[in-house]
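*Asks:* Enclosed is the structure file protein34.txt (compact mmCIF, C-alpha atoms and all ligand atoms).
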```
# COMPACT_ATOMS: atom_id res chain seq x y z
CA MET A 125 11.58 -13.80 -18.41
CA THR A 126 9.23 -10.86 -18.23
CA ILE A 127 5.75 -11.13 -19.60
CA ALA A 128 3.82 -7.95 -20.23
CA LEU A 129 0.12 -8.57 -20.53
CA ASN A 130 -2.00 -6.32 -22.63
CA LEU A 131 -5.42 -6.31 -21.10
CA ASP A 132 -8.50 -5.79 -23.16
CA HIS A 133 -11.26 -3.54 -22.00
CA ALA A 134 -13.35 -6.41 -20.73
CA THR A 135 -10.93 -6.83 -17.83
CA ALA A 136 -10.26 -3.15 -17.31
CA LEU A 137 -13.25 -1.49 -15.72
CA ARG A 138 -14.66 1.49 -17.50
CA PRO A 139 -14.12 4.80 -15.79
CA SER A 140 -17.51 6.35 -15.18
CA ALA A 141 -18.21 9.15 -17.59
CA GLN A 142 -20.41 10.88 -15.09
CA ARG A 143 -19.48 10.78 -11.45
CA ALA A 144 -21.84 9.31 -8.94
CA THR A 145 -20.97 8.45 -5.34
CA SER A 146 -18.83 5.34 -5.14
CA LEU A 147 -19.80 3.00 -2.33
CA VAL A 148 -16.31 1.45 -2.31
CA GLY A 149 -14.33 2.91 0.58
CA LEU A 150 -17.35 3.85 2.71
CA LEU A 151 -17.80 2.33 6.16
CA LYS A 152 -21.07 0.40 6.68
CA PRO A 153 -22.79 3.30 8.53
CA GLU A 154 -21.75 5.62 5.69
CA ILE A 155 -23.30 3.30 3.10
CA ALA A 156 -26.46 3.20 5.25
CA ALA A 157 -26.48 7.03 5.42
CA ALA A 158 -26.13 7.22 1.62
CA LEU A 159 -29.10 4.86 1.28
CA GLN A 160 -31.16 6.95 3.70
CA ASN A 161 -30.39 9.95 1.52
CA ILE A 162 -32.17 8.25 -1.38
CA GLY A 163 -35.24 7.52 0.73
CA LEU A 164 -34.74 4.29 2.69
CA ASP A 165 -35.76 4.28 6.35
CA GLU A 166 -33.04 3.71 8.92
CA ARG A 167 -33.72 0.00 9.50
CA GLU A 168 -33.86 -0.95 5.86
CA ALA A 169 -30.81 1.22 5.06
CA ARG A 170 -28.79 -0.65 7.69
CA MET A 171 -29.90 -4.02 6.36
CA ARG A 172 -29.21 -3.11 2.71
CA ALA A 173 -25.84 -1.62 3.66
CA LYS A 174 -24.80 -4.99 5.12
CA GLN A 175 -25.90 -6.79 1.96
CA ILE A 176 -24.09 -4.36 -0.35
CA TRP A 177 -20.94 -4.54 1.82
CA ASN A 178 -20.97 -8.32 1.55
CA TRP A 179 -21.32 -8.16 -2.24
CA ILE A 180 -18.45 -5.68 -2.58
CA TYR A 181 -15.90 -7.13 -0.16
CA VAL A 182 -16.75 -10.84 0.15
CA ASN A 183 -17.96 -11.53 -3.38
CA GLY A 184 -16.04 -8.87 -5.31
CA VAL A 185 -19.10 -7.73 -7.23
CA THR A 186 -18.76 -4.57 -9.35
CA ASP A 187 -22.27 -4.53 -10.82
CA PHE A 188 -25.44 -3.91 -8.78
CA GLU A 189 -27.28 -6.25 -11.16
CA ARG A 190 -25.43 -9.20 -9.61
CA MET A 191 -26.74 -8.43 -6.10
CA THR A 192 -29.41 -11.08 -6.31
CA ASN A 193 -30.78 -10.75 -2.78
CA ILE A 194 -31.84 -7.18 -3.60
CA GLN A 195 -35.06 -6.58 -5.57
CA LYS A 196 -34.56 -5.87 -9.26
CA GLY A 197 -36.23 -2.43 -9.12
CA PHE A 198 -34.04 -1.30 -6.24
CA ARG A 199 -30.94 -2.66 -7.98
CA GLN A 200 -31.74 -0.31 -10.85
CA THR A 201 -32.14 2.63 -8.46
CA LEU A 202 -28.78 1.79 -6.90
CA ALA A 203 -27.14 1.68 -10.33
CA GLU A 204 -28.57 5.11 -11.17
CA LYS A 205 -27.40 6.72 -7.92
CA PHE A 206 -24.14 4.99 -7.09
CA ILE A 207 -21.09 3.35 -8.58
CA LEU A 208 -18.76 0.60 -7.35
CA ASP A 209 -15.55 2.17 -8.50
CA ARG A 210 -12.42 0.18 -9.28
CA PRO A 211 -9.23 1.27 -11.02
CA GLU A 212 -8.65 0.71 -14.68
CA ILE A 213 -5.69 -1.62 -15.39
CA VAL A 214 -3.24 0.14 -17.68
CA SER A 215 -0.71 -2.69 -17.62
CA GLU A 216 0.09 -5.86 -15.77
CA GLN A 217 3.63 -7.23 -15.74
CA VAL A 218 4.77 -10.57 -14.40
CA SER A 219 8.41 -10.99 -13.34
CA SER A 220 10.39 -14.16 -13.92
CA ASP A 221 10.11 -14.76 -10.15
CA GLY A 222 6.29 -14.50 -10.14
CA THR A 223 6.16 -10.94 -8.76
CA ARG A 224 3.35 -9.06 -10.44
CA LYS A 225 3.10 -5.31 -10.96
CA TRP A 226 0.05 -3.37 -12.03
CA LEU A 227 -0.18 0.17 -13.28
CA PHE A 228 -3.62 1.31 -12.14
CA ARG A 229 -5.46 4.40 -13.36
CA PHE A 230 -7.98 6.42 -11.35
CA ARG A 231 -10.23 9.32 -12.28
CA ASP A 232 -10.34 12.22 -9.88
CA PRO A 233 -13.31 11.50 -7.59
CA GLN A 234 -14.22 15.17 -7.29
CA ASN A 235 -13.70 16.26 -10.86
CA PRO A 236 -13.93 13.83 -13.80
CA ARG A 237 -12.61 16.55 -16.11
CA LEU A 238 -9.18 16.39 -14.51
CA PRO A 239 -6.76 13.96 -16.18
CA PRO A 240 -6.67 10.53 -14.52
CA VAL A 241 -3.78 9.61 -12.24
CA GLU A 242 -1.73 6.42 -12.29
CA ILE A 243 -0.05 4.45 -9.51
CA GLU A 244 1.71 1.12 -9.15
CA THR A 245 0.77 -1.85 -6.97
CA VAL A 246 2.89 -4.98 -6.54
CA TYR A 247 2.09 -8.58 -5.57
CA ILE A 248 4.90 -10.73 -4.14
CA PRO A 249 4.21 -14.45 -3.79
CA GLU A 250 6.41 -16.32 -1.32
CA GLU A 251 6.49 -19.83 0.15
CA ASP A 252 4.24 -19.09 3.10
CA ARG A 253 2.46 -15.89 2.12
CA GLY A 254 1.34 -13.59 -0.67
CA THR A 255 1.95 -9.91 0.00
CA LEU A 256 0.30 -6.99 -1.74
CA CYS A 257 2.30 -3.75 -1.65
CA VAL A 258 -0.23 -0.91 -1.84
CA SER A 259 0.26 2.78 -2.70
CA SER A 260 -1.22 5.62 -0.65
CA GLN A 261 -0.33 8.66 -2.76
CA VAL A 262 0.35 9.55 -6.39
CA GLY A 263 4.02 10.54 -6.11
CA CYS A 264 5.39 11.67 -2.75
CA THR A 265 6.17 14.94 -0.98
CA LEU A 266 9.26 13.40 0.57
CA THR A 267 12.47 13.04 -1.34
CA CYS A 268 14.29 10.10 0.17
CA SER A 269 17.40 10.11 -1.95
CA PHE A 270 17.59 6.32 -2.53
CA CYS A 271 13.92 6.05 -3.63
CA HIS A 272 12.66 6.35 -7.18
CA THR A 273 9.14 7.38 -6.07
CA GLY A 274 10.71 10.34 -4.30
CA THR A 275 11.65 11.79 -7.71
CA GLN A 276 7.95 12.12 -8.61
CA MET A 277 6.29 15.19 -7.12
CA LEU A 278 3.13 14.58 -5.14
CA VAL A 279 0.13 14.80 -7.45
CA ARG A 280 -2.53 13.98 -4.87
CA ASN A 281 -3.56 11.67 -2.05
CA LEU A 282 -5.49 8.54 -2.94
CA THR A 283 -8.98 8.23 -1.46
CA ALA A 284 -9.92 5.32 0.82
CA GLY A 285 -11.83 3.82 -2.12
CA GLU A 286 -8.76 4.06 -4.36
CA ILE A 287 -6.53 2.42 -1.74
CA LEU A 288 -9.06 -0.39 -1.36
CA GLY A 289 -9.58 -0.47 -5.13
CA GLN A 290 -5.98 -1.74 -5.46
CA VAL A 291 -6.74 -4.60 -3.06
CA LEU A 292 -10.04 -5.46 -4.76
CA MET A 293 -8.59 -5.39 -8.26
CA ALA A 294 -5.58 -7.47 -7.21
CA ARG A 295 -7.88 -10.01 -5.53
CA GLU A 296 -9.90 -10.22 -8.72
CA ARG A 297 -6.84 -10.69 -10.93
CA LEU A 298 -5.45 -13.35 -8.58
CA GLY A 299 -8.71 -15.26 -8.30
CA ASP A 300 -9.27 -14.50 -4.62
CA PHE A 301 -13.02 -13.92 -4.87
CA PRO A 302 -15.47 -16.85 -4.81
CA GLY A 303 -15.56 -18.53 -8.21
CA GLY A 304 -12.46 -16.61 -9.35
CA ALA A 305 -9.83 -18.28 -11.50
CA ARG A 306 -6.15 -18.25 -10.56
CA PRO A 307 -3.77 -16.92 -13.21
CA ASP A 308 -2.11 -19.78 -15.05
CA ASP A 309 1.50 -18.59 -14.84
CA GLY A 310 2.36 -20.92 -11.96
CA GLY A 311 4.09 -20.37 -8.63
CA LEU A 312 1.60 -17.72 -7.73
CA VAL A 313 -0.34 -19.07 -4.79
CA PRO A 314 1.69 -19.75 -1.68
CA GLY A 315 1.55 -23.34 -0.45
CA GLY A 316 -1.29 -24.23 1.86
CA GLU A 317 -2.99 -20.84 1.70
CA SER A 318 -6.45 -20.59 0.25
CA ARG A 319 -5.98 -16.92 -0.54
CA ALA A 320 -3.37 -15.48 -2.88
CA ILE A 321 -3.23 -12.25 -0.85
CA THR A 322 -2.55 -13.06 2.81
CA ASN A 323 -0.71 -9.84 3.76
CA VAL A 324 -0.94 -6.17 2.86
CA VAL A 325 1.90 -3.69 3.27
CA MET A 326 1.46 0.05 2.87
CA MET A 327 4.90 0.39 1.29
CA GLY A 328 4.06 1.39 -2.27
CA MET A 329 4.11 4.94 -3.58
CA GLY A 330 3.72 7.73 -1.02
CA GLU A 331 3.97 8.34 2.71
CA PRO A 332 0.85 6.74 4.25
CA LEU A 333 0.89 8.92 7.37
CA TYR A 334 0.61 12.04 5.19
CA ASN A 335 -2.72 10.60 4.02
CA PHE A 336 -3.77 9.43 7.45
CA ASP A 337 -7.57 9.61 7.26
CA ASN A 338 -7.89 7.78 3.95
CA VAL A 339 -5.32 5.13 4.90
CA LYS A 340 -7.04 4.62 8.25
CA GLN A 341 -10.46 4.20 6.65
CA ALA A 342 -9.14 1.81 3.97
CA LEU A 343 -7.29 -0.36 6.50
CA LEU A 344 -10.25 -0.49 8.90
CA ILE A 345 -12.39 -1.71 6.00
CA ALA A 346 -9.75 -4.22 4.81
CA SER A 347 -9.49 -5.69 8.31
CA ASP A 348 -13.24 -5.81 9.02
CA GLU A 349 -14.02 -9.46 9.63
CA THR A 350 -17.32 -9.31 7.78
CA GLY A 351 -15.52 -8.24 4.59
CA ILE A 352 -12.00 -8.77 3.24
CA SER A 353 -11.11 -9.83 6.79
CA LEU A 354 -7.35 -9.42 6.79
CA SER A 355 -5.95 -9.76 10.28
CA LYS A 356 -4.36 -6.52 11.55
CA ARG A 357 -1.27 -8.59 12.25
CA ARG A 358 -1.02 -9.18 8.54
CA ILE A 359 -1.23 -5.51 7.63
CA THR A 360 1.90 -3.38 7.94
CA LEU A 361 2.03 0.38 7.64
CA SER A 362 5.46 1.70 6.73
CA THR A 363 6.43 5.28 7.50
CA SER A 364 9.53 7.32 6.87
CA GLY A 365 8.97 8.77 10.34
CA VAL A 366 6.03 11.18 10.55
CA VAL A 367 6.31 11.23 14.32
CA PRO A 368 3.03 12.98 15.28
CA PHE A 369 0.96 10.33 13.47
CA ILE A 370 2.74 7.24 14.79
CA GLU A 371 0.84 7.02 18.07
CA PRO A 372 -2.57 7.69 16.40
CA ALA A 373 -1.77 5.00 13.82
CA GLY A 374 -1.32 2.45 16.61
CA ARG A 375 -4.34 3.58 18.61
CA GLU A 376 -6.82 4.20 15.80
CA ILE A 377 -5.76 1.65 13.18
CA GLY A 378 -3.85 -0.93 15.25
CA VAL A 379 -1.83 -2.48 12.42
CA MET A 380 1.83 -3.50 12.46
CA LEU A 381 4.36 -0.69 12.12
CA ALA A 382 7.46 -0.49 9.94
CA ILE A 383 9.96 2.37 9.99
CA SER A 384 12.11 3.30 6.99
CA LEU A 385 15.20 3.92 9.08
CA HIS A 386 18.19 3.54 6.71
CA ALA A 387 20.68 5.50 8.83
CA VAL A 388 21.79 5.60 12.45
CA ARG A 389 23.18 9.16 12.57
CA ASP A 390 21.13 12.30 12.11
CA ASP A 391 23.56 13.89 9.64
CA LEU A 392 23.31 10.89 7.31
CA ARG A 393 19.60 10.34 7.81
CA ASP A 394 18.97 14.04 7.04
CA MET A 395 20.38 13.24 3.62
CA LEU A 396 18.83 9.82 2.97
CA VAL A 397 15.40 10.46 4.56
CA PRO A 398 15.08 14.27 4.69
CA ILE A 399 12.00 14.21 6.95
CA ASN A 400 14.61 13.44 9.62
CA LYS A 401 15.42 17.16 9.73
CA LYS A 402 11.93 17.72 11.10
CA TYR A 403 11.65 14.56 13.22
CA PRO A 404 15.18 13.46 14.21
CA LEU A 405 16.15 9.97 15.34
CA LYS A 406 15.67 10.69 19.05
CA ASP A 407 12.01 11.71 18.53
CA LEU A 408 11.36 8.90 16.06
CA LEU A 409 12.70 6.21 18.36
CA GLN A 410 10.74 7.61 21.31
CA ALA A 411 7.55 7.42 19.19
CA CYS A 412 8.46 3.78 18.46
CA ARG A 413 8.94 3.01 22.17
CA ASP A 414 5.49 4.53 22.79
CA TYR A 415 3.75 2.69 19.92
CA PRO A 416 0.45 1.34 21.30
CA GLY A 417 0.35 -2.44 21.62
CA LEU A 418 4.10 -2.89 21.18
CA SER A 419 5.28 -6.25 22.55
CA ASN A 420 7.55 -9.14 21.63
CA ALA A 421 4.64 -10.60 19.69
CA ARG A 422 4.02 -7.27 17.93
CA ARG A 423 7.45 -6.01 17.04
CA ILE A 424 8.29 -2.99 14.92
CA THR A 425 10.10 -3.68 11.67
CA PHE A 426 13.01 -1.35 10.94
CA GLU A 427 13.90 -1.19 7.28
CA TYR A 428 17.48 -0.55 6.37
CA VAL A 429 18.53 -0.23 2.74
CA MET A 430 22.12 -1.36 2.21
CA LEU A 431 24.04 1.37 0.38
CA LYS A 432 27.66 0.73 -0.49
CA ASP A 433 30.11 2.82 1.60
CA ILE A 434 27.27 5.00 2.85
CA ASN A 435 25.54 3.25 5.75
CA ASP A 436 26.92 -0.29 5.73
CA SER A 437 29.96 -0.29 8.06
CA ASP A 438 30.45 -2.43 11.17
CA ALA A 439 30.20 0.77 13.23
CA ASP A 440 26.80 1.49 11.65
CA ALA A 441 25.60 -2.02 12.57
CA ARG A 442 26.76 -1.61 16.16
CA GLU A 443 25.13 1.82 16.44
CA LEU A 444 21.90 0.36 15.07
CA VAL A 445 21.89 -2.22 17.84
CA ARG A 446 22.55 0.47 20.44
CA LEU A 447 19.78 2.74 19.13
CA LEU A 448 17.13 0.03 19.14
CA ALA A 449 17.92 -1.24 22.65
CA GLY A 450 14.67 -1.91 24.48
CA ILE A 451 12.43 -1.77 21.42
CA PRO A 452 10.88 -5.11 20.38
CA ALA A 453 12.19 -4.98 16.84
CA LYS A 454 12.95 -6.86 13.68
CA ILE A 455 15.46 -5.41 11.22
CA ASN A 456 14.89 -5.89 7.51
CA LEU A 457 18.08 -5.43 5.50
CA ILE A 458 17.18 -4.44 1.95
CA PRO A 459 19.78 -4.74 -0.80
CA PHE A 460 19.52 -1.46 -2.73
CA ASN A 461 17.60 -1.74 -5.98
CA PRO A 462 19.08 0.64 -8.56
CA TRP A 463 16.89 2.79 -10.79
CA PRO A 464 17.76 5.06 -13.75
CA GLY A 465 19.64 8.14 -12.56
CA THR A 466 20.54 6.99 -9.06
CA ASN A 467 24.01 7.66 -7.63
CA TYR A 468 23.94 4.81 -5.12
CA ASP A 469 25.28 1.28 -5.36
CA CYS A 470 24.22 -1.77 -3.44
CA SER A 471 26.56 -3.07 -0.73
CA SER A 472 28.38 -6.29 -1.56
CA SER A 473 26.80 -9.52 -0.32
CA GLU A 474 29.79 -10.10 1.98
CA ARG A 475 29.25 -6.65 3.56
CA ILE A 476 25.52 -7.30 3.97
CA GLU A 477 26.26 -10.67 5.60
CA ARG A 478 28.77 -9.11 7.99
CA PHE A 479 26.27 -6.34 8.90
CA ALA A 480 23.51 -8.92 9.44
CA ASP A 481 25.84 -10.99 11.59
CA ILE A 482 26.51 -8.13 14.01
CA VAL A 483 22.82 -7.36 14.29
CA ASN A 484 21.92 -11.06 14.69
CA LYS A 485 24.49 -11.61 17.40
CA ALA A 486 22.89 -8.76 19.35
CA GLY A 487 19.66 -10.77 19.37
CA TYR A 488 17.70 -9.17 16.55
CA ALA A 489 16.17 -11.12 13.71
CA SER A 490 17.62 -9.43 10.65
CA PRO A 491 16.54 -11.20 7.50
CA VAL A 492 18.06 -9.90 4.30
CA ARG A 493 15.13 -9.22 2.03
CA THR A 494 15.37 -11.13 -1.21
CA THR A 495 15.05 -8.75 -4.09
CA ARG A 496 11.88 -9.49 -5.99
CA GLY A 497 10.61 -8.26 -9.33
CA ARG A 498 13.75 -6.27 -10.20
CA ASP A 499 13.34 -7.14 -13.91
CA ILE A 500 10.00 -5.30 -13.99
CA TYR A 501 11.07 -2.42 -11.68
CA ALA A 502 8.75 -3.74 -8.99
CA ALA A 503 11.35 -3.95 -6.23
CA CYS A 504 11.47 -1.87 -3.09
CA GLY A 505 11.94 1.86 -3.80
CA GLN A 506 11.55 1.45 -7.58
CA LEU A 507 7.88 2.36 -8.04
CA LYS A 508 6.93 5.42 -10.03
CA SER A 509 4.31 6.55 -12.56
CA GLU A 510 4.30 9.16 -15.31
CA THR A 511 1.52 11.21 -13.74
CA GLU A 512 2.55 14.83 -13.28
CA ARG A 513 1.13 17.50 -11.08
CA LEU A 514 -0.96 20.04 -13.01
CA SER A 515 -0.16 23.70 -12.66
CA LYS A 516 -2.60 25.69 -10.55
CA LYS A 517 -3.76 27.50 -13.70
CA ASP A 518 -4.52 24.24 -15.54
CA ARG A 519 -6.34 22.82 -12.53
CA GLU A 520 -8.51 25.93 -12.25
CA ALA A 521 -9.29 25.88 -15.97
CA LEU A 522 -10.39 22.24 -15.80
CA SER A 523 -12.40 22.81 -12.63
CA ALA A 524 -14.30 25.77 -14.08
S1 LIG B 1 10.78 6.06 0.67
FE1 LIG B 1 8.57 6.39 0.90
S2 LIG B 1 8.45 8.43 1.89
FE2 LIG B 1 10.54 8.28 1.02
S3 LIG B 1 10.34 9.20 -1.05
FE3 LIG B 1 10.03 6.96 -1.27
S4 LIG B 1 7.78 6.73 -1.20
FE4 LIG B 1 8.27 8.78 -0.35
```
Could I get this file's structure written as structure tokens?

*Replies:*
Amino acid sequence: MTIALNLDHATALRPSAQRATSLVGLLKPEIAAALQNIGLDEREARMRAKQIWNWIYVNGVTDFERMTNIQKGFRQTLAEKFILDRPEIVSEQVSSDGTRKWLFRFRDPQNPRLPPVEIETVYIPEEDRGTLCVSSQVGCTLTCSFCHTGTQMLVRNLTAGEILGQVLMARERLGDFPGGARPDDGGLVPGGESRAITNVVMMGMGEPLYNFDNVKQALLIASDETGISLSKRRITLSTSGVVPFIEPAGREIGVMLAISLHAVRDDLRDMLVPINKKYPLKDLLQACRDYPGLSNARRITFEYVMLKDINDSDADARELVRLLAGIPAKINLIPFNPWPGTNYDCSSSERIERFADIVNKAGYASPVRTTRGRDIYAACGQLKSETERLSKKDREALSA
């Protein structure tokens, strides 16, 4: 059963008619600098920045008026100068298996006259965890041939505030902030966990390493222990293989790494994941071997979508094992999730089992990912929005 919720405007935050600086997505020193710019001295700016940070990320506040440890007069000044931006919820769908998908809408931070953009974010509740799959771009420049997002041209990168806005809005909808109410559709909160969202994966729309600075800033904020406080071991960044940014991702962000591998030969990977033409398997796997902090406790996840008669033979499985030799790795086998217009089919379950068996016998954990949210097109590789890139002429006209 699929339930589509129509949200009224009380739950969807108003887009600001007039842009002011949003404090969501700024690091604490940046909030302090913004406060100094409106006249606070350095000491007070630092102190107020900490308070505001706590209201935004610990308490989930979206209105300066609720910041009760800040004087009323100054709360008004803050409301005149700044905003606490969150996305508007266009739709929220709940799958029969409890997976939840939101279509979020953002205004352009630089130019409110430009049409808003829309992206999808997915929440997957499981027995022992609740995972939020977050988008980093509107559309994608890459055209992985098995991926629905890849059919949507890149419109723009999301800002750090927009990446975090997905986490904040999802936490609010799932009752993760103090005093918040859990949705009443059951099966949502994993057993024993006090939070609905225990893990974040950058596996939604877009290639996160092509939006490195914003993704880095958002993940550093999400993992800051004085705020949302997600352990870096519970955050996974998934890349199709942007080799030059893999080492910086480990060194500067320090989260878990996942690679969208999907093929074990360059000729096939050139077709499935075309960025392979630029960064072939040899370079990609070397970047994985060099990933900072790699160990048996911090393994790289290799994602492998199972495509019937394309990449699912015994020889492919054996070559996969050979390629990954020496890399602390986990292999995620993903049954292909069809989308309108695709030419691929999913491998049979017997074939997937046989493939998993070869990989398992070689000593790799190779769980077959259970397909979640297929009835609401929330499954892996199915995300897409209607937002289209404006022509240069239209952009210039709206920016004038
Ligand atoms: S798999 Fe990732 S990188 Fe490839 S087209 Fe889809 S969203 Fe883009």

*Asks:* Hey, which residues sit close to ligand LIG 1 (chain B)? Say within 7 Å, counting all atoms listed in the file, and write them as a list of chain:residue names.

*Replies:*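 The neighbouring residues of ligand LIG 1 (chain B) are, in order, A:Cys264, A:Thr265, A:Leu266, A:Thr267, A:Cys268, A:Cys271, A:His272, A:Thr273, A:Gly274, A:Gly328, A:Met329, A:Gly330, A:Glu331, A:Thr363, A:Ser364, A:Val397, A:Gly505.
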
*Asks:* If I take atom CA of A:Gln261 and atom CA of A:Leu288, how far is one from the other in Å, to one decimal?

*Replies:*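 For atom CA of A:Gln261 relative to atom CA of A:Leu288, the distance reads 12.7 Å.
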
*Asks:* Pick out the closest residue to A:Lys454 from this set: A:Val279, A:Val483, A:Val291, A:Ile434. Count all atoms listed in the file.

*Replies:* A:Val483

*Asks:* When you draw a straight line from atom CA of A:Pro372 to atom CA of A:Gly417, how long is it in Å?

*Replies:*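 Value for the atom CA of A:Pro372-atom CA of A:Gly417 distance: 11.8 Å.
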
*Asks:* Write out as a list in words each polymer residue whose atoms come within 8 Å of A:Ile248, counting all atoms listed in the file; drop sequence neighbours fewer than 6 positions from it.

*Replies:* Gly222, Thr223, Arg224, Gly254, Thr255, Leu256, Cys257 and Arg496 of chain A

*Asks:* List as a PyMOL selection string the protein and nucleic acid residues near stretch 226-235 of chain A, meaning an atom at most 8 Å away when only C-alpha atoms are counted, but skip any in the same chain fewer than 4 places from it.

*Replies:* chain A and resi 139+143+210-217+239-246+286+290+509+523

*Asks:* Rounded to one decimal, what separation in Å do you get between atom CA of A:Lys225 and atom CA of A:Val258?

*Replies:*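 Taking atom CA of A:Lys225 and atom CA of A:Val258, their separation equals 10.7 Å.
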
*Asks:* When you count only C-alpha atoms, which of these residues is closest to A:Leu418: A:Ala453, A:Phe198, A:Asp300, A:Val325?

*Replies:*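 Of all the options, A:Ala453 lies closest to A:Leu418.
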
*Asks:* Between A:Gly184, A:Tyr415, A:Asn461, A:Leu344, which is the closest to A:Gly299 once you count only C-alpha atoms?

*Replies:*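 Looking at the shortest contact to A:Gly299, the residue is A:Gly184.
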
*Asks:* Where's the centre, and what are the edge lengths in Å to one decimal, of a box along x, y and z enclosing all listed atoms of stretch 333-336 of chain A padded 5 Å per side, as lines of an AutoDock Vina configuration file?

*Replies:*
```
center_x = -1.4
center_y = 10.5
center_z = 5.7
size_x = 14.7
size_y = 13.1
size_z = 13.4
```

*Asks:* Find the spatial neighbours of stretch 335-339 of chain A, counting all atoms listed in the file, within a cut-off of 10 Å - ignore same-chain residues fewer than 6 positions away - and output them as a list in words.

*Replies:*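 Here the qualifying residues turn out to be Gly149, Ser259, Ser260, Gln261, Arg280, Asn281, Leu282, Thr283, Ala284, Gly285, Glu286, Ile287, Leu288, Met326, Ile345, Leu361, Phe369, Pro372, Ala373 and Ile377 of chain A.
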